[in-house]
Amino acid sequence: MNKKAFPFAAAKTSMSKPSRRDVLKGTAAGLIIGFVFTPRGSRVLAAEAPPPLTNAELVNAFVRVAPDNTVTVMIKHLEMGQGVYTGLPTIVAEELDADWSQMRAESAPANAALYKNLAFGMQGTGGSTAVANSFEQLRKAGATARAMLVEAAAKDWKVPAVDITVSKGVVSHAASQRSATFGALADKAARLTPPADVKLKDPKDFTLIGTNVPRMDNVEKTTGKAIFALDIVRPGMVYAAVARAPRFGATMKTFDPTASMRLKGVISVTPISSGVAVVADSFWTAKQARDALQITWDESKAEKRGTPELLAEYKKLAKTQGQSAKKAGDAAGVLAKAAKTVTADFEFPYLAHAPMEPMDAVVEIKDGACEVWAGCQFQTVDQGNVARVLGLKPEQVTIHTLLAGGSFGRRANFASDFIVETAEVAKTLPAGTPVKLIWTREDDIKGGRYRPMYVHSMTAGLDANGALTAWSHRIVGQSIMKGTAFAGQPGSIDATSVEGASNLPYNIPNIDVELHTTDVGVPVLWWRSVGSTHNAYATEVFIDIMARAAGKDPLAFRQAMLPAEHARHKAVLDLVAQKSGWGTALGANKARGIAVAESFGSYVAQVAEVSRDAKGDIKVERIVCAVDCGIAINPDVIRAQMEGGIGYGLGAVMKGAITLKDGLVEQSNFDGYDVLRMDEMPKIEVHIVPSTANPTGVGEPGVPPAGPAVANAIFALTGKPVTVLPINKAKLSS
Amino acid sequence: MPTSFTLNGQPVTLDVDPEMPLLWAIREKAELTGTKYGCGIAQCGACTVHIDGEAARACVTPVSAVAGAKITTIEGISGKTAEAVQASWQKLNVVQCGYCQSGQIMSAVALLTDKPKPNNDDIDAAMSGNICRCATYHRIREAIHDAATAL
Ligand code: FES
Ligand code: FES
C-alpha cells in the first residue's frame, strides 16, 4: 500500500530533553517520553510533544512548573488502570494549591536513585503501594514548589512571604492586591534554592484530596488515542512471535525453519533463551511462521505431572506436619478435648492473570544504547535484565514506561520475561532495527507465572459454649518468592504463602498455622492480592463453617472474636452490615454471605447476595463493600478499584482454573480460561470509612473478601460449604 | 492482491495477504492503533469495529471479506450516539487500564444505534462478548444507560 496516501498517522513517540536542573541531574541518562496526560486529553503526537525544559521552569524530581502555567507531575509508577496518573498528581496539586486544570502527568524515566518505590528500594509498582509510598514524598515535592513560588512573589513584590496566599494556581498578596499565576513566577522561582524543610498542610485543610477529580486518562482511553506497548510505531519496525516449549522446563533441541522461511514477509528465525523467535514484516506473518516451525524439545528436565497428580501429592502432604508459620497455645491438645471439632479441606487451582493486553514490548538497539517501550512494572529490574542480556550498562538502557493494559501482577517479574525476549530478538537484528514482540493470548494463558495451586487443610474446635478455642491450618503449595530478590533465608517461610492466615485477626487462644512448600516446575507469580487470594478464602469460609457449627450468626461470631486492636476490621464489618441490611429478610431462594480481610494495610468487608433459580443455578446479585484505606485521595477511584477487584476475584472463584494434563496446560484462550463477563457482574455498592490515617492501597484489597463472601452466601443458601474452586466445578446441587 | 475498502470515510487500498485479519491490517498497515488485540478468536471484543454499521470482530475477519465495505474504527466514530457514549464514559470514569475500552465503546455505540433505550437484558446481550479484565462492567452498564438519556 501507499503509506503516504493514507490520511492517518499513528501516534509516534518522541522524547523531550532531560533537564539540566540540579535536582534532576540524576536522570540525565534517562530521557523523558513525550506522553503528557492532561485533564482534557493527552498530547501524544511528536508534533505536540512537551517543549524541552528551559531555565524558566521550576523543577524538582517530581514537579515541573512551566511558564505556560502547566504543572507536570513525574509519575514513578506504572499506570495499569489503578489510577496513579490521577491520584499522584492530586497529592502534588493539594500541597501546591494548584488548579486541577493545570495539572499534567508524565511517566518518569527509570532512575532508582530518584524514583525508587520507598517500600521496595527499587523502582517498581506492586503490593498496592503506589499512593502509600508516594504520599509524603509528593506532598513534600508539592509543598517545596509552592514555597519557592511564594518566595519568588515575596521578593518580586517586596512583601513578607507569610502574607502571601495561594489558591487554585494563583499566588496573591491581599494588602497590595497583587497576584500572579504559577507560570508567571516559574522563572524567578527556578532561580531560588529549594527550602530544606517545608510545612505540610493539616489534612483537615485538604481541598482536592478527598474529591472526585476526573481520571487524567479519560479522554485518550475513550478515543483510541491511549498508547500501549502494542501501539508503538517506530520507523522500520519489524514484528516477532516466539515458539516456547509446551512443557515447563523443557529446552529447545532442534528446529527446522524451512516451512516458516517459505512464508512471504518472514525475515529471520532465531533461537533465543525461551525458544525460537520468528521475525517478519507483520505480526500476522510472524505468528503464522511461528506456528509452522518444526521444533523438537528436550524434556528431560520438564515438569510432566498434571493437576490430578499434584492434587494427590498435596492432599497427602496436608495430612502431615508442616513448617510452623504461627503457633500460639496448644491447638492439638485443645482440639483433642474440644466439645466439637470440624474439618474442611480446600482446593485452589492455578490461575492465569490474563490481563487484557497480552505481554508485549518494543526494543531498539543503536549506537551502544537501547530503548525499551513497554508496560514496565519493575523498571529497575527490567533495565538491569536488558542491560545484562545486551552487555550494556543499566544507564545505557532507556526505559519508556507506557500505559499497561492491565497487569494484576503479571508484568512485575524478576526475569522481565517478555522484555528480555524482545531484547534478545533485537540483538539478532541489524543495529537500529526496532522490533515489537507480542505474545498471543494462547502464549499468555499457557505461559505460566500463575497464581500457585494450593491445598488447605483446616480443623477447628468449639468449647461447650460454642466459642472457637483452637484452630489448625495447613497450607500446601509453591513459594512465589523462592529464587527472587525478595526471597528470605533459604528454608524460611515465604510470607506471601501464609499472609492472611498467619495474621488471622480473630482472638483464638490456640492456633497452629503450618506450611508445606512444594517443588513443582510450573512457574508461579503474585496475582492480584497474592497470598490473600487463597488464605482469605479458606479462613473466612471456615469461620462461617464454624459459626454454623456453633449455631451463631456469622457477623456476630466474627465481631465477638475481634479484639480491640482490630477495630478497623470491626468498623468495616459494622458499616457493610448496616449498608447491606444484614439480618433483614431477603425472600425465598436468596441468601447473604459476609467476609472481611485486611491486605496491604487496607481493610475491606463485603456482603454478597446470591439467588438460586428453578434450575438450581446460582447468581451473584449484589455485593456491598466497605473499605478503610486511610485518607481517601480520590473516593471515585477507590470505588472503581473495589468494583474491579470484586469482579476480578469473583471471576476467579466462579470460573477461573488453569489445569495441567501430563504437564501440558489444558486451557489456551478465553474459550477455555473463562473470565467474568458483563451478564455475570453483580450490582456493587462501595462505602468508604472516613479516616485520617495515612493512605494505603486499593488496587488489590478489593479482591480477597469477594470469593468468601459469595461462598458464604451459597453456604447459607444450600447448607453446603464451597471448598473446591472454582465454584462452577464444585457440586452445588442441593 | 490489493483489497480496497473505506476506512473511517477514506478510501484505502491495502496490498496485504487477503487472509490477514482486518485487525492486523488496520493496526499495522493503516497504522490505526486504537483497535486492540485481545484473543484473536472472537472471544473478547477488544478488536470490535463497525463493518457497514454493524459491530464485528476484526480479529476473525479476513481483509478479503471487507472489499468494498465501510469500516469504522474507534478513531473514526462520530455523531450524536458516539459522542453521547464517549461523554458518559468520561463522566462516569468508566476506564481503568483502558485497553478493552475501544472495543467496549464500539459495541455500545452499535447497541445504542440499534436500540436507543436498551434495558439491562439488551446490554447483557450486546456487551457480554466484550471482556474487561479490570471488570469495569458495572460502570459500562451505567454509562450506557446514561448515554441513552442523551439520545
Ligand atoms: S481480539 Fe478479536 S475478539 Fe478478541
Ligand atoms: S479497562 Fe482494563 S480491560 Fe477493560
# chains A, B, ... in the order shown; residues from 1 in each chain; ligands from 1
>>> closest_atom_pairs(of="chain A", to="ligand 2", cutoff="10 Å", atoms="only C-alpha atoms and all ligand atoms", output="JSON lines")
{"residue": "A:Met80", "atom": "CA", "partner": "ligand 2", "partner_atom_place_in_ligand_line": "2 (Fe)", "distance": 7.8}
{"residue": "A:Gly81", "atom": "CA", "partner": "ligand 2", "partner_atom_place_in_ligand_line": "2 (Fe)", "distance": 6.2}
{"residue": "A:Gln82", "atom": "CA", "partner": "ligand 2", "partner_atom_place_in_ligand_line": "2 (Fe)", "distance": 9.4}
{"residue": "A:Lys221", "atom": "CA", "partner": "ligand 2", "partner_atom_place_in_ligand_line": "1 (S)", "distance": 8.7}
{"residue": "A:Ala354", "atom": "CA", "partner": "ligand 2", "partner_atom_place_in_ligand_line": "3 (S)", "distance": 9.7}
{"residue": "A:Pro355", "atom": "CA", "partner": "ligand 2", "partner_atom_place_in_ligand_line": "3 (S)", "distance": 6.9}
{"residue": "A:Met356", "atom": "CA", "partner": "ligand 2", "partner_atom_place_in_ligand_line": "3 (S)", "distance": 4.9}
{"residue": "A:Glu357", "atom": "CA", "partner": "ligand 2", "partner_atom_place_in_ligand_line": "3 (S)", "distance": 7.7}
{"residue": "A:Ala404", "atom": "CA", "partner": "ligand 2", "partner_atom_place_in_ligand_line": "2 (Fe)", "distance": 8.8}
{"residue": "A:Gly405", "atom": "CA", "partner": "ligand 2", "partner_atom_place_in_ligand_line": "2 (Fe)", "distance": 5.8}
{"residue": "A:Gly406", "atom": "CA", "partner": "ligand 2", "partner_atom_place_in_ligand_line": "2 (Fe)", "distance": 5.5}
{"residue": "A:Ser407", "atom": "CA", "partner": "ligand 2", "partner_atom_place_in_ligand_line": "2 (Fe)", "distance": 9.1}
{"residue": "A:Gly644", "atom": "CA", "partner": "ligand 2", "partner_atom_place_in_ligand_line": "1 (S)", "distance": 9.0}
>>> residues_near_ligand(ligand="ligand 1", cutoff="8 Å", atoms="only C-alpha atoms and all ligand atoms", output="ChimeraX atom specification")
/B:23,36-48,57-60,129-130
>>> write_last_selection(atoms="all heavy atoms", output="compact mmCIF listing (two decimals), in the first residue's frame")
# COMPACT_ATOMS: atom_id res chain seq x y z
N LEU B 23 -7.96 -6.86 11.70
CA LEU B 23 -7.34 -6.26 12.88
C LEU B 23 -5.89 -5.85 12.63
O LEU B 23 -5.49 -4.71 12.88
CB LEU B 23 -7.39 -7.26 14.05
CG LEU B 23 -6.54 -6.89 15.27
CD1 LEU B 23 -7.07 -5.64 15.95
CD2 LEU B 23 -6.50 -8.06 16.27
N LYS B 36 -7.82 -2.96 19.35
CA LYS B 36 -6.85 -3.78 20.08
C LYS B 36 -6.96 -5.27 19.79
O LYS B 36 -8.02 -5.77 19.39
CB LYS B 36 -7.02 -3.57 21.59
CG LYS B 36 -6.87 -2.13 22.05
CD LYS B 36 -5.52 -1.52 21.72
CE LYS B 36 -5.30 -0.20 22.42
NZ LYS B 36 -4.75 0.83 21.53
N TYR B 37 -5.86 -5.96 20.08
CA TYR B 37 -5.83 -7.42 20.04
C TYR B 37 -6.00 -7.95 21.47
O TYR B 37 -5.30 -7.49 22.36
CB TYR B 37 -4.49 -7.89 19.48
CG TYR B 37 -4.20 -9.37 19.75
CD1 TYR B 37 -4.84 -10.36 19.01
CD2 TYR B 37 -3.33 -9.75 20.76
CE1 TYR B 37 -4.60 -11.71 19.27
CE2 TYR B 37 -3.08 -11.10 21.03
CZ TYR B 37 -3.72 -12.07 20.28
OH TYR B 37 -3.49 -13.41 20.55
N GLY B 38 -6.92 -8.89 21.64
CA GLY B 38 -7.07 -9.47 22.97
C GLY B 38 -7.08 -10.99 22.97
O GLY B 38 -6.70 -11.62 23.95
N CYS B 39 -7.58 -11.59 21.88
CA CYS B 39 -7.68 -13.06 21.87
C CYS B 39 -7.48 -13.66 20.48
O CYS B 39 -7.03 -14.78 20.36
CB CYS B 39 -9.04 -13.50 22.41
SG CYS B 39 -10.41 -13.12 21.31
N GLY B 40 -7.87 -12.94 19.44
CA GLY B 40 -7.69 -13.45 18.09
C GLY B 40 -8.71 -14.48 17.65
O GLY B 40 -8.65 -14.96 16.52
N ILE B 41 -9.67 -14.82 18.52
CA ILE B 41 -10.64 -15.86 18.17
C ILE B 41 -12.08 -15.44 18.48
O ILE B 41 -12.92 -16.28 18.82
CB ILE B 41 -10.31 -17.20 18.88
CG1 ILE B 41 -10.28 -17.02 20.41
CG2 ILE B 41 -8.99 -17.79 18.39
CD1 ILE B 41 -10.33 -18.34 21.18
N ALA B 42 -12.36 -14.15 18.40
CA ALA B 42 -13.73 -13.64 18.60
C ALA B 42 -14.29 -13.95 19.97
O ALA B 42 -15.48 -14.18 20.14
CB ALA B 42 -14.66 -14.17 17.50
N GLN B 43 -13.41 -13.95 20.99
CA GLN B 43 -13.87 -14.25 22.35
C GLN B 43 -13.90 -13.03 23.26
O GLN B 43 -14.48 -13.10 24.34
CB GLN B 43 -12.93 -15.30 22.98
CG GLN B 43 -13.17 -16.70 22.48
CD GLN B 43 -14.44 -17.29 23.04
OE1 GLN B 43 -14.75 -17.15 24.21
NE2 GLN B 43 -15.21 -17.95 22.18
N CYS B 44 -13.24 -11.93 22.88
CA CYS B 44 -13.06 -10.86 23.87
C CYS B 44 -13.59 -9.50 23.44
O CYS B 44 -13.80 -8.63 24.29
CB CYS B 44 -11.60 -10.73 24.27
SG CYS B 44 -10.57 -9.85 23.06
N GLY B 45 -13.73 -9.25 22.16
CA GLY B 45 -14.31 -7.99 21.70
C GLY B 45 -13.35 -6.81 21.66
O GLY B 45 -13.75 -5.71 21.28
N ALA B 46 -12.08 -7.00 22.03
CA ALA B 46 -11.14 -5.87 22.04
C ALA B 46 -10.95 -5.28 20.65
O ALA B 46 -10.58 -4.12 20.50
CB ALA B 46 -9.79 -6.32 22.61
N CYS B 47 -11.20 -6.10 19.62
CA CYS B 47 -10.93 -5.69 18.24
C CYS B 47 -12.20 -5.19 17.52
O CYS B 47 -12.20 -5.10 16.30
CB CYS B 47 -10.39 -6.89 17.48
SG CYS B 47 -11.62 -8.20 17.37
N THR B 48 -13.24 -4.88 18.29
CA THR B 48 -14.53 -4.56 17.66
C THR B 48 -14.46 -3.30 16.79
O THR B 48 -13.98 -2.26 17.24
CB THR B 48 -15.62 -4.40 18.74
OG1 THR B 48 -15.63 -5.57 19.55
CG2 THR B 48 -17.00 -4.18 18.11
N ARG B 57 -16.00 -8.42 14.84
CA ARG B 57 -14.69 -8.70 15.42
C ARG B 57 -13.65 -8.73 14.31
O ARG B 57 -13.64 -9.66 13.48
CB ARG B 57 -14.70 -10.04 16.16
CG ARG B 57 -15.84 -10.23 17.14
CD ARG B 57 -15.85 -9.26 18.30
NE ARG B 57 -16.90 -9.65 19.25
CZ ARG B 57 -17.65 -8.79 19.93
NH1 ARG B 57 -17.49 -7.47 19.78
NH2 ARG B 57 -18.56 -9.23 20.77
N ALA B 58 -12.78 -7.75 14.33
CA ALA B 58 -11.80 -7.61 13.25
C ALA B 58 -10.75 -8.72 13.26
O ALA B 58 -10.11 -8.98 12.25
CB ALA B 58 -11.11 -6.25 13.34
N CYS B 59 -10.60 -9.40 14.41
CA CYS B 59 -9.55 -10.43 14.51
C CYS B 59 -9.89 -11.68 13.71
O CYS B 59 -9.01 -12.48 13.43
CB CYS B 59 -9.27 -10.79 15.96
SG CYS B 59 -10.62 -11.67 16.78
N VAL B 60 -11.17 -11.89 13.41
CA VAL B 60 -11.56 -13.09 12.65
C VAL B 60 -12.15 -12.72 11.29
O VAL B 60 -12.77 -13.55 10.63
CB VAL B 60 -12.56 -13.98 13.44
CG1 VAL B 60 -11.86 -14.61 14.65
CG2 VAL B 60 -13.78 -13.19 13.88
N GLY B 129 -19.98 -10.13 24.95
CA GLY B 129 -18.86 -10.58 24.13
C GLY B 129 -17.62 -9.73 24.31
O GLY B 129 -16.57 -10.00 23.74
N ASN B 130 -17.74 -8.65 25.09
CA ASN B 130 -16.60 -7.76 25.33
C ASN B 130 -16.07 -8.00 26.74
O ASN B 130 -16.71 -7.62 27.73
CB ASN B 130 -17.01 -6.29 25.19
CG ASN B 130 -17.19 -5.88 23.75
OD1 ASN B 130 -18.23 -6.17 23.14
ND2 ASN B 130 -16.20 -5.24 23.19
>>> select_by_dssp(residues="segment 173-225 of chain A", states="strand (DSSP E or B)", output="ChimeraX atom specification")
/A:173,178-181
>>> select_by_dssp(residues="segment 350-399 of chain A", states="alpha helix (DSSP H)", output="MDAnalysis selection string")
chainID A and resid 379:390
>>> write_last_selection(atoms="C-alpha atoms", output="PDB file, in the first residue's frame")
ATOM      1  CA  GLN A 379      11.727  -0.556  35.898  1.00  0.00           C
ATOM      2  CA  THR A 380      14.952  -1.157  37.833  1.00  0.00           C
ATOM      3  CA  VAL A 381      14.790  -4.913  37.255  1.00  0.00           C
ATOM      4  CA  ASP A 382      13.770  -4.603  33.612  1.00  0.00           C
ATOM      5  CA  GLN A 383      16.567  -2.121  32.932  1.00  0.00           C
ATOM      6  CA  GLY A 384      19.124  -4.375  34.620  1.00  0.00           C
ATOM      7  CA  ASN A 385      17.966  -7.517  32.842  1.00  0.00           C
ATOM      8  CA  VAL A 386      18.033  -5.876  29.410  1.00  0.00           C
ATOM      9  CA  ALA A 387      21.489  -4.432  30.116  1.00  0.00           C
ATOM     10  CA  ARG A 388      22.757  -7.872  31.137  1.00  0.00           C
ATOM     11  CA  VAL A 389      21.391  -9.558  28.007  1.00  0.00           C
ATOM     12  CA  LEU A 390      22.882  -6.902  25.747  1.00  0.00           C
TER      13      LEU A 390
END
>>> closest_residue(among="B:Val63, B:Ala135, B:Val95, B:Leu151", to="Gly79 of chain B", atoms="only C-alpha atoms")
B:Leu151
>>> closest_residue(among="A:Glu79, A:Glu94, A:Asp202, A:Glu621", to="chain B", atoms="only C-alpha atoms")
A:Glu79
>>> atom_distance(atom1="atom CA of Arg528 of chain A", atom2="atom CA of Glu680 of chain A")
20.0 Å
>>> residues_around(residues="Thr533 of chain A", least_positions_apart="2", cutoff="12 Å", atoms="only C-alpha atoms", output="PyMOL selection string")
chain A and resi 348-351+451-454+496-501+526-531+535-540+597-599+645-646+648-650+652-653+700-708+725
>>> residues_around(residues="Thr125 of chain A", least_positions_apart="5", cutoff="7 Å", atoms="only C-alpha atoms", output="list in words")
His77, Leu78, Ala130, Gln377 and Phe378 of chain A
>>> residues_around(residues="Lys91 of chain B", least_positions_apart="5", cutoff="12 Å", atoms="only C-alpha atoms", output="list of chain:residue names")
A:Asn212, A:Val213, A:Pro214, A:Arg215, A:Met216, A:Asn218, A:Val219, A:Thr222, A:Asp636, B:Glu83, B:Ala84, B:Val85, B:Gln86, B:Arg139, B:Ile140, B:Glu142, B:Ala143, B:Ile144, B:Asp146, B:Ala147
>>> write_last_selection(atoms="N, CA and C atoms", output="PDB file, in the first residue's frame")
ATOM      1  N   ASN A 212     -13.549  13.935  43.957  1.00  0.00           N
ATOM      2  CA  ASN A 212     -13.524  13.025  42.809  1.00  0.00           C
ATOM      3  C   ASN A 212     -13.026  13.740  41.568  1.00  0.00           C
ATOM      4  N   VAL A 213     -11.746  14.152  41.558  1.00  0.00           N
ATOM      5  CA  VAL A 213     -11.264  14.738  40.307  1.00  0.00           C
ATOM      6  C   VAL A 213     -11.352  13.647  39.243  1.00  0.00           C
ATOM      7  N   PRO A 214     -11.719  14.040  37.999  1.00  0.00           N
ATOM      8  CA  PRO A 214     -11.874  13.013  36.961  1.00  0.00           C
ATOM      9  C   PRO A 214     -10.537  12.368  36.610  1.00  0.00           C
ATOM     10  N   ARG A 215     -10.583  11.156  36.107  1.00  0.00           N
ATOM     11  CA  ARG A 215      -9.350  10.465  35.718  1.00  0.00           C
ATOM     12  C   ARG A 215      -8.614  11.254  34.648  1.00  0.00           C
ATOM     13  N   MET A 216      -7.319  11.342  34.808  1.00  0.00           N
ATOM     14  CA  MET A 216      -6.477  12.093  33.870  1.00  0.00           C
ATOM     15  C   MET A 216      -6.445  11.430  32.489  1.00  0.00           C
ATOM     16  N   ASN A 218      -8.949   9.768  30.981  1.00  0.00           N
ATOM     17  CA  ASN A 218     -10.300   9.509  30.463  1.00  0.00           C
ATOM     18  C   ASN A 218     -10.428   9.722  28.964  1.00  0.00           C
ATOM     19  N   VAL A 219      -9.860  10.817  28.472  1.00  0.00           N
ATOM     20  CA  VAL A 219     -10.104  11.169  27.072  1.00  0.00           C
ATOM     21  C   VAL A 219      -9.389  10.216  26.133  1.00  0.00           C
ATOM     22  N   THR A 222     -10.916   6.775  25.842  1.00  0.00           N
ATOM     23  CA  THR A 222     -12.240   6.628  25.228  1.00  0.00           C
ATOM     24  C   THR A 222     -12.234   7.047  23.757  1.00  0.00           C
ATOM     25  N   ASP A 636     -13.778   8.244  44.146  1.00  0.00           N
ATOM     26  CA  ASP A 636     -14.319   7.562  42.971  1.00  0.00           C
ATOM     27  C   ASP A 636     -13.335   6.529  42.429  1.00  0.00           C
TER      28      ASP A 636
ATOM     29  N   GLU B  83     -20.794  10.429  20.395  1.00  0.00           N
ATOM     30  CA  GLU B  83     -20.417  11.498  21.332  1.00  0.00           C
ATOM     31  C   GLU B  83     -21.062  11.288  22.700  1.00  0.00           C
ATOM     32  N   ALA B  84     -22.313  10.852  22.678  1.00  0.00           N
ATOM     33  CA  ALA B  84     -23.000  10.604  23.956  1.00  0.00           C
ATOM     34  C   ALA B  84     -22.309   9.489  24.727  1.00  0.00           C
ATOM     35  N   VAL B  85     -21.915   8.445  24.011  1.00  0.00           N
ATOM     36  CA  VAL B  85     -21.244   7.318  24.671  1.00  0.00           C
ATOM     37  C   VAL B  85     -19.913   7.777  25.263  1.00  0.00           C
ATOM     38  N   GLN B  86     -19.118   8.462  24.470  1.00  0.00           N
ATOM     39  CA  GLN B  86     -17.811   8.898  24.979  1.00  0.00           C
ATOM     40  C   GLN B  86     -17.968   9.862  26.158  1.00  0.00           C
ATOM     41  N   ARG B 139     -19.754   0.004  35.597  1.00  0.00           N
ATOM     42  CA  ARG B 139     -19.817   1.382  35.092  1.00  0.00           C
ATOM     43  C   ARG B 139     -20.176   1.427  33.619  1.00  0.00           C
ATOM     44  N   ILE B 140     -19.786   0.407  32.861  1.00  0.00           N
ATOM     45  CA  ILE B 140     -20.173   0.370  31.447  1.00  0.00           C
ATOM     46  C   ILE B 140     -21.700   0.360  31.362  1.00  0.00           C
ATOM     47  N   GLU B 142     -23.863   1.459  33.585  1.00  0.00           N
ATOM     48  CA  GLU B 142     -24.366   2.779  33.971  1.00  0.00           C
ATOM     49  C   GLU B 142     -24.155   3.795  32.850  1.00  0.00           C
ATOM     50  N   ALA B 143     -22.998   3.723  32.216  1.00  0.00           N
ATOM     51  CA  ALA B 143     -22.676   4.702  31.169  1.00  0.00           C
ATOM     52  C   ALA B 143     -23.585   4.520  29.953  1.00  0.00           C
ATOM     53  N   ILE B 144     -23.928   3.282  29.646  1.00  0.00           N
ATOM     54  CA  ILE B 144     -24.840   3.054  28.513  1.00  0.00           C
ATOM     55  C   ILE B 144     -26.222   3.648  28.840  1.00  0.00           C
ATOM     56  N   ASP B 146     -26.760   6.041  30.909  1.00  0.00           N
ATOM     57  CA  ASP B 146     -26.572   7.497  30.950  1.00  0.00           C
ATOM     58  C   ASP B 146     -26.563   8.088  29.530  1.00  0.00           C
ATOM     59  N   ALA B 147     -25.860   7.415  28.625  1.00  0.00           N
ATOM     60  CA  ALA B 147     -25.812   7.895  27.242  1.00  0.00           C
ATOM     61  C   ALA B 147     -27.205   7.852  26.620  1.00  0.00           C
TER      62      ALA B 147
END
>>> closest_residue(among="A:Ala374, A:Ala344, A:Ile227, A:Leu88", to="Val420 of chain A", atoms="only C-alpha atoms")
A:Ala374
>>> atom_distance(atom1="atom CA of Ala632 of chain A", atom2="atom CA of Pro690 of chain A")
7.6 Å
>>> closest_residue(among="A:Asp617, A:Asp68, A:Glu95, A:Glu442", to="chain B", atoms="only C-alpha atoms")
A:Glu442
>>> residues_around(residues="Gly169 of chain A", least_positions_apart="4", cutoff="12 Å", atoms="only C-alpha atoms", output="PDB file with C-alpha atoms, in the first residue's frame")
ATOM      1  CA  VAL A  65       6.060  24.267  36.849  1.00  0.00           C
ATOM      2  CA  ASN A  69       1.326  27.686  33.661  1.00  0.00           C
ATOM      3  CA  THR A  70       1.200  23.911  33.484  1.00  0.00           C
ATOM      4  CA  VAL A  71       2.294  21.749  36.381  1.00  0.00           C
ATOM      5  CA  ALA A  93      -1.756  19.668  43.460  1.00  0.00           C
ATOM      6  CA  GLU A  94      -3.075  19.643  47.007  1.00  0.00           C
ATOM      7  CA  GLU A  95       0.132  20.872  48.631  1.00  0.00           C
ATOM      8  CA  LEU A  96       0.857  23.204  45.747  1.00  0.00           C
ATOM      9  CA  ASP A  97      -2.642  24.705  45.849  1.00  0.00           C
ATOM     10  CA  ALA A  98      -2.773  24.275  42.096  1.00  0.00           C
ATOM     11  CA  ASP A  99      -5.870  24.312  39.935  1.00  0.00           C
ATOM     12  CA  TRP A 100      -6.719  20.804  38.712  1.00  0.00           C
ATOM     13  CA  SER A 101      -6.973  22.008  35.110  1.00  0.00           C
ATOM     14  CA  GLN A 102      -3.310  22.968  35.027  1.00  0.00           C
ATOM     15  CA  MET A 103      -2.094  19.571  36.221  1.00  0.00           C
ATOM     16  CA  ALA A 145       7.444  24.061  44.764  1.00  0.00           C
ATOM     17  CA  ARG A 146       4.749  26.128  46.469  1.00  0.00           C
ATOM     18  CA  LEU A 149       6.699  30.240  44.127  1.00  0.00           C
ATOM     19  CA  VAL A 150       5.678  32.152  47.246  1.00  0.00           C
ATOM     20  CA  THR A 165      -1.708  33.150  49.921  1.00  0.00           C
ATOM     21  CA  SER A 179      -1.444  38.326  42.205  1.00  0.00           C
ATOM     22  CA  ALA A 180       0.407  36.165  39.719  1.00  0.00           C
ATOM     23  CA  THR A 181      -0.008  32.762  38.121  1.00  0.00           C
ATOM     24  CA  PHE A 182       2.432  29.923  38.738  1.00  0.00           C
ATOM     25  CA  GLY A 183       3.569  30.262  35.155  1.00  0.00           C
ATOM     26  CA  ALA A 184       4.471  33.917  35.588  1.00  0.00           C
ATOM     27  CA  LEU A 185       6.525  33.123  38.685  1.00  0.00           C
ATOM     28  CA  ALA A 186       8.159  29.911  37.414  1.00  0.00           C
TER      29      ALA A 186
END
>>> atom_distance(atom1="atom CA of Ser300 of chain A", atom2="atom CA of Pro523 of chain A")
17.0 Å
